[in-house]
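Structure file coords_18.txt (compact mmCIF, C-alpha atoms) is printed below.
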```txt
# COMPACT_ATOMS: atom_id res chain seq x y z
CA MET A 851 40.11 110.74 100.51
CA LEU A 852 41.23 112.36 97.28
CA GLU A 853 37.84 111.81 95.68
CA VAL A 854 35.95 113.61 98.47
CA MET A 855 38.44 116.40 99.09
CA ASN A 856 36.21 118.79 97.13
CA LYS A 857 32.98 117.60 98.79
CA ASN A 858 31.77 120.18 101.31
CA TYR A 859 31.32 118.47 104.66
CA VAL A 860 28.52 120.81 105.78
CA ASP A 861 26.34 120.47 102.66
CA MET A 862 24.17 117.64 103.93
CA ASP A 863 21.62 117.89 101.13
CA GLU A 864 24.10 117.65 98.27
CA TYR A 865 26.40 115.12 99.97
CA PRO A 866 24.15 113.08 102.25
CA VAL A 867 26.53 110.12 102.40
CA THR A 868 29.18 112.21 104.14
CA THR A 869 26.59 113.14 106.78
CA GLU A 870 25.63 109.50 107.18
CA LEU A 871 29.26 108.47 107.67
CA GLN A 872 29.74 111.23 110.25
CA ASN A 873 26.68 109.98 112.14
CA ARG A 874 28.00 106.43 112.03
CA CYS A 875 31.35 107.60 113.44
CA VAL A 876 29.56 109.44 116.26
CA ASN A 877 27.54 106.29 116.96
CA ILE A 878 30.66 104.10 117.08
CA ILE A 879 32.47 106.54 119.41
CA ALA A 880 29.41 106.89 121.67
CA HIS A 881 29.29 103.11 122.09
CA LEU A 882 33.05 103.01 122.68
CA PHE A 883 32.59 105.54 125.50
CA ASN A 884 29.67 103.58 127.01
CA ALA A 885 27.00 106.16 126.32
CA PRO A 886 23.58 105.10 127.67
CA VAL A 887 21.36 104.02 124.82
CA GLY A 888 17.65 103.52 125.26
CA GLU A 889 14.23 104.83 124.35
CA LYS A 890 14.59 107.90 126.58
CA GLU A 891 18.31 108.57 126.06
CA ALA A 892 20.38 108.83 122.95
CA ALA A 893 23.85 110.31 122.68
CA VAL A 894 24.44 113.10 120.18
CA GLY A 895 27.69 114.35 118.71
CA VAL A 896 29.42 116.09 115.86
CA GLY A 897 32.65 115.96 113.91
CA THR A 898 35.05 118.89 114.31
CA VAL A 899 38.34 120.11 112.87
CA GLY A 900 40.09 118.89 116.03
CA SER A 901 39.75 118.70 119.80
CA SER A 902 40.19 122.48 120.12
CA GLU A 903 36.92 123.11 118.29
CA ALA A 904 35.30 120.20 120.15
CA ILE A 905 36.26 121.76 123.50
CA MET A 906 34.91 125.15 122.45
CA LEU A 907 31.56 123.57 121.55
CA ALA A 908 31.38 121.54 124.77
CA GLY A 909 32.30 124.60 126.82
CA LEU A 910 29.63 126.70 125.12
CA ALA A 911 27.03 124.03 125.86
CA PHE A 912 27.98 124.01 129.54
CA LYS A 913 27.94 127.80 129.74
CA ARG A 914 24.52 128.13 128.09
CA ARG A 915 23.07 125.31 130.18
CA TRP A 916 24.33 127.01 133.37
CA GLN A 917 23.00 130.41 132.27
CA ASN A 918 19.55 128.99 131.50
CA LYS A 919 19.40 127.30 134.90
CA ARG A 920 20.47 130.48 136.74
CA LYS A 921 17.97 132.63 134.85
CA ALA A 922 15.17 130.18 135.63
CA GLU A 923 16.07 130.47 139.32
CA GLY A 924 16.24 134.28 139.15
CA LYS A 925 19.93 134.34 140.00
CA PRO A 926 22.76 136.35 138.37
CA CYS A 927 24.65 134.64 135.55
CA GLU A 928 27.42 137.12 134.73
CA ASN A 929 30.43 135.38 136.28
CA PRO A 930 30.77 131.78 135.07
CA ASN A 931 33.93 129.82 135.84
CA ILE A 932 35.42 126.50 134.93
CA VAL A 933 37.72 124.36 137.09
CA THR A 934 40.70 122.58 135.49
CA GLY A 935 44.21 121.52 136.35
CA ALA A 936 47.14 123.78 135.52
CA ASN A 937 48.23 121.05 133.09
CA VAL A 938 45.42 121.70 130.60
CA GLN A 939 46.11 122.24 126.94
CA VAL A 940 46.11 125.84 125.73
CA CYS A 941 42.73 125.46 123.99
CA TRP A 942 41.06 125.58 127.43
CA GLU A 943 42.69 128.94 128.08
CA LYS A 944 41.47 130.08 124.67
CA PHE A 945 37.93 129.00 125.47
CA ALA A 946 38.00 130.87 128.79
CA ARG A 947 39.36 134.05 127.23
CA TYR A 948 37.29 134.03 124.03
CA PHE A 949 33.97 133.25 125.73
CA GLU A 950 34.52 135.21 128.95
CA VAL A 951 34.69 132.38 131.46
CA GLU A 952 36.98 132.54 134.48
CA LEU A 953 39.56 129.74 134.42
CA LYS A 954 40.24 128.35 137.91
CA GLU A 955 43.33 126.16 137.80
CA VAL A 956 44.39 123.57 140.36
CA LYS A 957 48.14 124.02 140.85
CA LEU A 958 50.49 121.11 140.38
CA ARG A 959 53.24 119.89 142.68
CA GLU A 960 56.46 117.96 142.19
CA GLY A 961 55.71 114.30 141.63
CA TYR A 962 51.99 114.94 140.94
CA TYR A 963 51.56 116.55 137.55
CA VAL A 964 47.79 116.21 137.05
CA MET A 965 44.72 117.80 138.60
CA ASP A 966 44.06 116.77 142.20
CA PRO A 967 40.32 115.86 142.36
CA VAL A 968 40.08 116.87 146.03
CA LYS A 969 41.44 120.36 145.38
CA ALA A 970 39.35 120.68 142.23
CA VAL A 971 36.09 119.99 144.06
CA GLU A 972 37.09 122.47 146.78
CA MET A 973 37.34 125.18 144.09
CA VAL A 974 33.84 124.49 142.73
CA ASP A 975 31.21 127.12 143.56
CA GLU A 976 27.71 127.99 142.38
CA ASN A 977 29.15 129.72 139.29
CA THR A 978 31.13 126.69 138.08
CA ILE A 979 29.78 125.57 134.71
CA CYS A 980 31.79 122.32 134.78
CA VAL A 981 34.97 120.62 135.94
CA ALA A 982 37.24 119.54 133.08
CA ALA A 983 39.25 116.35 133.60
CA ILE A 984 41.99 115.24 131.22
CA LEU A 985 42.41 111.67 130.04
CA GLY A 986 46.01 111.81 128.88
CA SER A 987 47.77 114.95 130.06
CA THR A 988 49.72 116.82 127.38
CA LEU A 989 52.66 117.17 129.79
CA SER A 990 53.01 113.62 131.09
CA GLY A 991 50.42 111.46 129.33
CA GLU A 992 48.87 110.55 132.69
CA PHE A 993 45.14 109.90 133.18
CA GLU A 994 43.37 112.02 135.78
CA ASP A 995 41.16 110.21 138.31
CA VAL A 996 37.74 110.93 136.81
CA LYS A 997 36.05 108.29 139.00
CA LEU A 998 37.21 109.97 142.22
CA LEU A 999 36.27 113.37 140.82
CA ASN A 1000 32.77 112.09 140.02
CA ASP A 1001 32.31 110.65 143.52
CA LEU A 1002 33.53 113.77 145.32
CA LEU A 1003 31.50 116.09 143.11
CA THR A 1004 28.37 113.97 143.59
CA VAL A 1005 28.66 114.48 147.36
CA LYS A 1006 29.19 118.23 146.97
CA ASN A 1007 26.24 118.55 144.60
CA ARG A 1008 24.04 116.67 147.06
CA ASN A 1009 25.11 118.88 149.97
CA THR A 1010 24.79 122.20 148.12
CA GLY A 1011 21.91 121.55 145.74
CA TRP A 1012 24.12 122.41 142.77
CA ASP A 1013 24.32 120.37 139.59
CA THR A 1014 27.97 120.81 138.54
CA PRO A 1015 28.83 118.41 135.67
CA ILE A 1016 32.09 116.97 134.32
CA HIS A 1017 33.61 117.20 130.86
CA VAL A 1018 36.37 114.75 129.93
CA ASP A 1019 39.05 116.00 127.57
CA ALA A 1020 40.04 112.67 126.05
CA ALA A 1021 41.87 114.18 123.09
CA SER A 1022 44.83 111.84 123.60
CA GLY A 1023 43.41 109.05 125.76
CA GLY A 1024 39.99 108.51 124.21
CA PHE A 1025 41.34 106.01 121.70
CA VAL A 1026 43.71 104.46 124.27
CA ALA A 1027 41.79 103.76 127.49
CA PRO A 1028 38.98 101.62 125.94
CA PHE A 1029 41.57 99.24 124.48
CA LEU A 1030 44.22 99.12 127.22
CA TYR A 1031 42.14 99.75 130.36
CA PRO A 1032 38.57 98.62 129.63
CA GLU A 1033 37.73 98.39 133.36
CA LEU A 1034 38.80 101.99 134.05
CA GLU A 1035 35.72 104.13 134.70
CA TRP A 1036 36.22 107.55 133.15
CA ASP A 1037 33.48 107.85 130.52
CA PHE A 1038 29.67 107.92 130.40
CA ARG A 1039 29.52 105.14 132.97
CA LEU A 1040 29.97 107.99 135.46
CA PRO A 1041 26.67 109.92 135.86
CA LEU A 1042 28.22 113.42 136.04
CA VAL A 1043 30.18 113.02 132.79
CA LYS A 1044 28.00 114.92 130.30
CA SER A 1045 30.34 115.29 127.33
CA ILE A 1046 33.63 113.90 125.98
CA ASN A 1047 35.92 115.09 123.22
CA VAL A 1048 38.50 113.01 121.38
CA SER A 1049 40.99 113.66 118.58
CA GLY A 1050 40.77 111.49 115.49
CA HIS A 1051 44.20 112.67 114.40
CA LYS A 1052 46.01 111.40 117.50
CA TYR A 1053 45.42 107.77 118.41
CA GLY A 1054 42.32 107.75 116.22
CA LEU A 1055 44.96 107.13 113.52
CA VAL A 1056 43.74 109.71 110.99
CA TYR A 1057 45.62 112.60 109.38
CA ALA A 1058 45.43 115.96 111.15
CA GLY A 1059 42.10 117.75 110.87
CA VAL A 1060 39.42 115.72 112.64
CA GLY A 1061 38.05 115.60 116.17
CA TRP A 1062 34.84 114.52 117.84
CA VAL A 1063 32.62 115.67 120.69
CA VAL A 1064 29.83 113.50 122.10
CA TRP A 1065 27.14 114.48 124.61
CA ARG A 1066 25.48 111.96 126.93
CA SER A 1067 22.01 112.94 125.69
CA ARG A 1068 20.28 115.60 123.65
CA LYS A 1069 19.20 117.51 126.78
CA ASP A 1070 22.88 118.19 127.55
CA LEU A 1071 23.17 120.17 124.30
CA PRO A 1072 20.94 123.29 124.50
CA GLU A 1073 18.72 123.53 121.47
CA GLU A 1074 19.36 127.28 120.99
CA LEU A 1075 23.00 126.55 120.11
CA ILE A 1076 21.95 124.49 117.10
CA PHE A 1077 21.41 126.54 113.94
CA HIS A 1078 19.03 125.48 111.20
CA ILE A 1079 19.82 126.58 107.66
CA ASN A 1080 17.92 125.91 104.43
CA TYR A 1081 19.84 127.79 101.75
CA LEU A 1082 21.79 124.64 100.78
CA GLY A 1083 18.61 122.85 99.73
CA SER A 1084 16.84 121.59 102.86
CA ASP A 1085 16.63 122.16 106.59
CA GLN A 1086 20.05 121.33 108.01
CA PRO A 1087 20.97 121.56 111.71
CA THR A 1088 24.52 122.67 112.40
CA PHE A 1089 26.53 123.20 115.58
CA THR A 1090 30.10 124.08 114.65
CA LEU A 1091 32.48 126.99 114.89
CA ASN A 1092 33.87 126.17 111.46
CA PHE A 1093 31.65 125.73 108.44
CA SER A 1094 32.93 124.68 105.03
CA LYS A 1095 35.63 122.02 104.82
CA GLY A 1096 36.44 118.93 102.79
CA SER A 1097 35.11 115.50 103.72
CA SER A 1098 38.42 113.60 103.53
CA GLN A 1099 39.02 113.20 107.26
CA ILE A 1100 35.49 111.94 107.91
CA ILE A 1101 35.94 109.28 105.23
CA ALA A 1102 39.35 108.38 106.67
CA GLN A 1103 38.01 108.00 110.21
CA TYR A 1104 35.16 105.77 109.06
CA TYR A 1105 37.57 103.71 106.99
CA GLN A 1106 39.86 103.14 109.99
CA PHE A 1107 36.92 102.05 112.14
CA LEU A 1108 35.89 99.49 109.52
CA ARG A 1109 39.36 98.40 108.48
CA LEU A 1110 40.87 97.98 111.94
CA GLY A 1111 37.87 97.34 114.17
CA PHE A 1112 38.18 97.00 117.93
CA GLU A 1113 40.84 94.29 117.77
CA GLY A 1114 42.92 96.21 115.23
CA TYR A 1115 42.97 99.37 117.34
CA LYS A 1116 43.75 97.30 120.43
CA ASN A 1117 46.75 95.61 118.76
CA ILE A 1118 48.18 98.92 117.55
CA ILE A 1119 47.75 100.73 120.89
CA GLU A 1120 49.20 97.75 122.82
CA ASN A 1121 52.22 97.77 120.51
CA CYS A 1122 52.67 101.54 121.00
CA MET A 1123 52.55 101.08 124.78
CA GLU A 1124 55.10 98.24 124.70
CA ASN A 1125 57.47 100.44 122.70
CA ALA A 1126 56.91 103.30 125.14
CA MET A 1127 57.77 101.02 128.07
CA MET A 1128 60.89 99.83 126.24
CA LEU A 1129 61.92 103.45 125.68
CA GLY A 1130 61.32 104.34 129.34
CA GLU A 1131 63.38 101.37 130.57
CA GLY A 1132 66.21 102.30 128.23
CA LEU A 1133 66.30 105.85 129.56
CA LYS A 1134 66.30 104.61 133.16
CA ARG A 1135 69.28 102.32 132.47
CA MET A 1136 71.38 105.32 131.51
CA GLY A 1137 71.24 106.41 135.17
CA ARG A 1138 70.76 110.08 134.33
CA PHE A 1139 66.97 110.31 134.03
CA ASP A 1140 63.78 109.94 136.02
CA VAL A 1141 60.72 108.92 134.00
CA VAL A 1142 57.89 111.17 135.24
CA SER A 1143 55.13 109.70 133.05
CA LYS A 1144 53.03 106.88 134.48
CA GLU A 1145 52.36 103.45 133.02
CA ASP A 1146 48.60 104.10 133.19
CA GLY A 1147 48.33 106.68 130.47
CA VAL A 1148 48.88 107.23 126.78
CA PRO A 1149 51.97 105.82 124.99
CA LEU A 1150 54.18 108.71 125.98
CA VAL A 1151 57.50 108.97 127.82
CA ALA A 1152 58.19 112.16 129.76
CA PHE A 1153 61.57 112.24 131.49
CA SER A 1154 63.81 114.65 133.35
CA PHE A 1155 67.38 114.71 134.65
CA ASN A 1156 67.50 113.07 138.08
CA ASN A 1157 70.14 115.53 139.27
CA LYS A 1158 68.39 118.83 139.95
CA LYS A 1159 71.59 120.68 139.07
CA ASP A 1160 71.26 119.27 135.54
CA MET A 1161 67.66 120.42 134.94
CA HIS A 1162 68.84 123.21 132.63
CA LEU A 1163 70.54 120.63 130.39
CA ALA A 1164 67.15 119.44 129.10
CA PHE A 1165 67.00 122.30 126.61
CA LYS A 1166 70.56 121.64 125.44
CA LEU A 1167 69.80 117.92 125.03
CA SER A 1168 66.70 118.76 123.00
CA LYS A 1169 68.82 120.95 120.73
CA LEU A 1170 71.50 118.28 120.31
CA LEU A 1171 68.92 115.64 119.38
CA ARG A 1172 67.73 117.84 116.54
CA GLN A 1173 70.97 117.21 114.68
CA TYR A 1174 69.87 113.57 114.40
CA GLY A 1175 66.39 114.53 113.22
CA TRP A 1176 64.56 114.08 116.54
CA ILE A 1177 62.12 116.82 117.59
CA VAL A 1178 61.95 116.30 121.35
CA PRO A 1179 60.26 119.22 123.15
CA ALA A 1180 61.75 120.39 126.44
CA TYR A 1181 59.58 122.47 128.75
CA THR A 1182 59.05 123.51 132.33
CA MET A 1183 56.03 122.28 134.26
CA PRO A 1184 53.15 124.69 135.04
CA ALA A 1185 52.46 126.64 138.23
CA ASP A 1186 53.98 125.35 141.49
CA ALA A 1187 56.18 122.86 139.62
CA GLU A 1188 58.05 125.32 137.39
CA HIS A 1189 61.43 124.15 138.70
CA VAL A 1190 60.95 120.77 136.97
CA THR A 1191 62.13 120.61 133.35
CA VAL A 1192 60.87 117.71 131.24
CA LEU A 1193 61.49 116.21 127.80
CA ARG A 1194 58.68 114.33 126.08
CA VAL A 1195 58.51 111.60 123.46
CA VAL A 1196 55.12 110.57 122.03
CA VAL A 1197 55.17 107.00 120.75
CA ARG A 1198 53.07 106.66 117.63
CA GLU A 1199 52.22 103.68 115.45
CA ASP A 1200 55.26 104.20 113.21
CA PHE A 1201 57.70 104.52 116.14
CA GLY A 1202 58.78 100.88 116.18
CA ARG A 1203 61.49 99.12 118.17
CA PRO A 1204 64.30 99.80 115.69
CA LEU A 1205 63.57 103.52 116.06
CA VAL A 1206 63.41 103.18 119.86
CA GLU A 1207 66.91 101.65 119.86
CA LYS A 1208 68.22 104.29 117.46
CA PHE A 1209 66.73 107.09 119.59
CA LEU A 1210 68.33 105.70 122.76
CA SER A 1211 71.72 105.52 121.04
CA HIS A 1212 71.38 109.14 119.93
CA VAL A 1213 70.47 110.18 123.48
CA GLU A 1214 73.64 108.50 124.80
CA THR A 1215 75.76 110.17 122.13
CA SER A 1216 74.20 113.54 122.93
CA LEU A 1217 74.81 113.03 126.66
CA ASN A 1218 78.48 112.34 125.97
CA GLU A 1219 78.65 115.51 123.92
CA LEU A 1220 76.96 117.44 126.72
CA ASP A 1221 79.46 116.10 129.24
CA SER A 1222 82.40 117.04 127.04
CA MET A 1223 81.00 120.55 126.70
CA THR A 1224 80.61 121.03 130.45
CA GLU A 1225 83.97 119.45 131.33
CA ALA A 1226 86.03 121.23 128.67
CA PRO A 1227 88.92 123.41 129.97
CA LEU A 1228 88.53 127.15 129.89
CA SER A 1229 89.32 128.69 126.55
CA THR A 1230 92.15 131.19 126.39
CA ILE A 1231 92.36 134.28 124.28
CA LEU A 1232 95.67 136.01 123.64
CA LEU A 1233 95.28 139.76 123.66
CA THR A 1234 98.06 141.81 122.10
CA VAL A 1235 97.94 145.47 123.06
CA GLU A 1236 100.20 147.99 121.34
CA LEU A 1237 101.60 150.39 123.93
CA LYS A 1238 103.65 153.53 123.44
CA ASN A 1239 106.10 155.16 125.80
CA THR A 1240 104.28 158.41 126.38
CA GLU A 1241 106.18 159.59 129.44
CA ASN A 1242 106.76 162.97 127.92
CA ALA A 1243 103.33 163.24 126.24
CA GLY A 1244 100.53 165.37 127.55
CA GLU A 1245 97.41 163.83 129.04
CA GLU A 1246 95.28 165.52 126.46
CA ASP A 1247 96.41 163.03 123.78
CA GLY A 1248 94.31 160.30 125.43
CA GLY A 1249 97.13 157.73 125.27
CA LEU A 1250 98.00 155.09 127.84
CA HIS A 1251 100.94 156.49 129.80
CA ILE A 1252 103.61 153.91 130.67
CA PRO A 1253 106.80 155.00 132.46
CA SER A 1254 109.98 154.11 130.52
CA ASN A 1255 111.36 152.01 133.37
CA VAL A 1256 108.38 149.59 133.39
CA ILE A 1257 109.10 146.13 131.96
CA MET A 1258 106.17 144.86 129.85
CA LYS A 1259 105.28 141.16 130.17
CA LYS A 1260 103.11 139.00 127.89
CA GLU A 1261 100.58 136.92 129.80
CA LEU A 1262 97.78 134.50 128.88
CA VAL A 1263 94.53 135.51 130.51
CA PRO A 1264 91.95 132.69 131.00
CA ILE A 1265 88.47 133.68 129.90
CA SER A 1266 85.39 131.51 130.34
CA LYS A 1267 84.05 130.24 127.02
CA ASN A 1268 80.54 131.22 128.10
CA ILE A 1269 81.32 134.94 128.13
CA PRO A 1270 79.85 136.46 124.95
CA LEU A 1271 82.60 138.27 123.08
CA ILE A 1272 80.67 139.07 119.91
CA GLY A 1273 80.07 142.78 119.59
CA VAL A 1274 82.49 143.77 122.36
CA LYS A 1275 84.29 146.99 121.45
CA THR A 1276 88.00 147.16 122.24
CA LYS A 1277 90.65 149.82 121.94
CA GLY A 1278 94.00 148.72 120.62
CA VAL A 1279 94.92 145.67 118.57
CA CYS A 1280 92.99 142.49 119.38
```

Any chance you could give the structure as structure tokens?
Amino acid sequence: MLEVMNKNYVDMDEYPVTTELQNRCVNIIAHLFNAPVGEKEAAVGVGTVGSSEAIMLAGLAFKRRWQNKRKAEGKPCENPNIVTGANVQVCWEKFARYFEVELKEVKLREGYYVMDPVKAVEMVDENTICVAAILGSTLSGEFEDVKLLNDLLTVKNRNTGWDTPIHVDAASGGFVAPFLYPELEWDFRLPLVKSINVSGHKYGLVYAGVGWVVWRSRKDLPEELIFHINYLGSDQPTFTLNFSKGSSQIIAQYYQFLRLGFEGYKNIIENCMENAMMLGEGLKRMGRFDVVSKEDGVPLVAFSFNNKKDMHLAFKLSKLLRQYGWIVPAYTMPADAEHVTVLRVVVREDFGRPLVEKFLSHVETSLNELDSMTEAPLSTILLTVELKNTENAGEEDGGLHIPSNVIMKKELVPISKNIPLIGVKTKGVC
């Protein structure tokens, strides 16, 4: 990786081996995702900086393909839209805003935190460039039902004459599902799935800075989106939003494929999932949490307080865990499930059982600290006010007038500890 850090990834003529290794990685991933391979079909793909760039490229391909089809039919093509769940990662919102595509989101509901395929297909119209399904939701790690989506959309396409395709955002689950759930149909085995993106720097086990996007066949990637340049020495096709970058991550991804192989990846992902299940069981035993993530998903544990009155404590618990070095995000769910507050732990390769046990012990300690904070008696503040007998003084002096026959009494006044006192201006001695 150090040796190729200064080798420009896009200069195919000067560094042809980097290009060859990228093509081999695309080939390996295409086979992993069951891309059809034959004389008439051949999957194509490209390496990217991450899944965000991969999604932008896939979205552009869908938009241009839809525009070309509409123009050929003599129909307007000014108002494209894309259907997703409200649980999509922010890069989908970026794509919609940057490239002027309406984002139609399927709302979530309590207990169901992924896109509902039935509602998604209902939102599809003649201007829908694609439906985006997520394999490994950012919020809960859950896989969306791509098989059901494919079946429902096939029926709608047949009835309407449309040709609405599916893109699978497998940023998190692309390197999980093939090893843990090989029988699950979510990839190119489904006819309407035209492209898939995956992150190499998640469960692809490479340092941050590499992603991949693969199309079912060359016809799914419009030729006009591919640029041909020759000023680096020879004709070089390129389809990226970024251009120059080092080759380190490509080398690293290829190395991991060779070094680990299918069995190596499978062993690592199985171990991650076992640790995630151990973590989830430990949280359940505390009696304070509901685990909202599903077993069929990525190695991730999303959990919330089972008492709705304690939902607000998730942010305080997240803050308390930071003092032990744990960065555990707390967040509210998207539209129509905003009242649910969740904490999330992603279980990676280096999050072994000793760390699971240590994390659980720190959660228990933090819960005890939370309880002591909420059950603590009200704090008291003693206010001493200096008063003068101003019975004979005029009102214009602005003093506090106390008759001489009044007996003054000191008294402790309880004040809630949650009342902010900083910056409060007082008159008298405090």

Exercise for the section: Would you please work out which residue, of A:His1212, A:Lys997, A:Lys1006, A:Arg1194, is nearest to Leu1170 (chain A) when using only C-alpha atoms? Expected result: A:His1212

Exercise for the section: Find the distance between CA of Lys1159 (chain A) and CA of Tyr1174 (chain A) and write it in Å to one decimal. Expected result: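 We find that CA of Lys1159 (chain A) and CA of Tyr1174 (chain A) lie 25.7 Å from each other.
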
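Residue nearest Ala908 (chain A) within the list A:Lys1166, A:Lys1158, A:Lys857, A:Arg1066: A:Arg1066 [criterion: smallest interatomic distance, all atoms listed in the file].
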
Exercise for the section: Might you pull out every residue within 12 Å of region 867-870 of chain A, with all atoms listed in the file counted and same-chain residues fewer than 6 positions away left off, and present them as a ChimeraX atom specification? Expected result: /A:851,854-861,876-877,896-897,1086-1088,1095-1104

Practice task
Find the distance between CA of Gly1011 (chain A) and CA of Glu1035 (chain A) and write it in Å to one decimal.
Solution key: 24.8 Å

Practice task
Can you work out the spacing between CA of Gly900 (chain A) and CA of Ser1049 (chain A) in Å, to one decimal?
Solution key: 5.9 Å

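Across A:Ser990, A:Asn1218, A:Asn1157, A:Ser1067, the tightest approach to Gly895 (chain A) is made by A:Ser1067 when counting all atoms listed in the file.
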
Practice task
Compile the contact shell of Asn1007 (chain A) as a PyMOL selection string: residues with an atom at most 12 Å away, counting only C-alpha atoms, same-chain residues fewer than 2 positions apart removed.
Solution key: chain A and resi 971-972+974-976+978+980+999-1005+1009-1016+1042

Practice task
Would you please work out which residue, of A:Asp966, A:Glu923, A:Glu891, A:Glu853, is nearest to Gly935 (chain A) when using all atoms listed in the file?
Solution key: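 Closest residue, counting all atoms listed in the file: A:Asp966.
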
Problem - Neighbour list for Pro1204 (chain A) as number ranges by chain, cut-off 10 Å, only C-alpha atoms, skip fewer than 4 positions in-chain - result: A: 1125, 1208-1209

Completion exercise
Shortest contact to Phe1025 (chain A), candidates A:His1078, A:His1189, A:Arg1203, A:Lys1116, atoms counted only C-alpha atoms, goes to A:Lys1116

Handout entry: Surrounding residues of Leu1075 (chain A) excluding itself and chain neighbours under 3 positions, 12 Å, all atoms listed in the file, as a ChimeraX atom specification
Key = /A:907-915,1068-1072,1078,1087-1091

Starting from the point (41.6, 114.3, 109.8), work out which residues of protein, DNA or RNA have an atom no more than 7 Å away when counting all atoms listed in the file; state them as a compact mmCIF listing (two decimals) with C-alpha atoms, in the coordinates of the input.
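Dumped to point.txt:
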```
# COMPACT_ATOMS: atom_id res chain seq x y z
CA GLY A 1050 40.77 111.49 115.49
CA HIS A 1051 44.20 112.67 114.40
CA VAL A 1056 43.74 109.71 110.99
CA TYR A 1057 45.62 112.60 109.38
CA ALA A 1058 45.43 115.96 111.15
CA GLY A 1059 42.10 117.75 110.87
CA VAL A 1060 39.42 115.72 112.64
CA GLN A 1099 39.02 113.20 107.26
CA ILE A 1100 35.49 111.94 107.91
```

Handout entry: Within 9 Å of file point (32.8, 108.7, 130.4), counting all atoms listed in the file, expressed as a list in words
Key = Phe883, Asn884, Ala885, Val996, His1017, Val1018, Glu1035, Trp1036, Asp1037, Phe1038, Arg1039, Leu1040, Pro1041, Leu1042, Val1043, Lys1044, Ser1045, Ile1046 and Arg1066 of chain A

Exercise for the section: Counting all atoms listed in the file, figure out which residue out of A:Ile1118, A:Val1142, A:Val887, A:Leu1217 gets nearest to Leu1163 (chain A). Expected result: A:Leu1217

Practice task
Write out as a list in words each polymer residue whose atoms come within 7 Å of Ala1180 (chain A), counting only C-alpha atoms; drop sequence neighbours fewer than 2 positions from it.
Solution key: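 Final neighbour list, sorted by chain and number: Ala1164, Phe1165, Ser1168, Val1178, Thr1191, Val1192, Leu1193 and Arg1194 of chain A.
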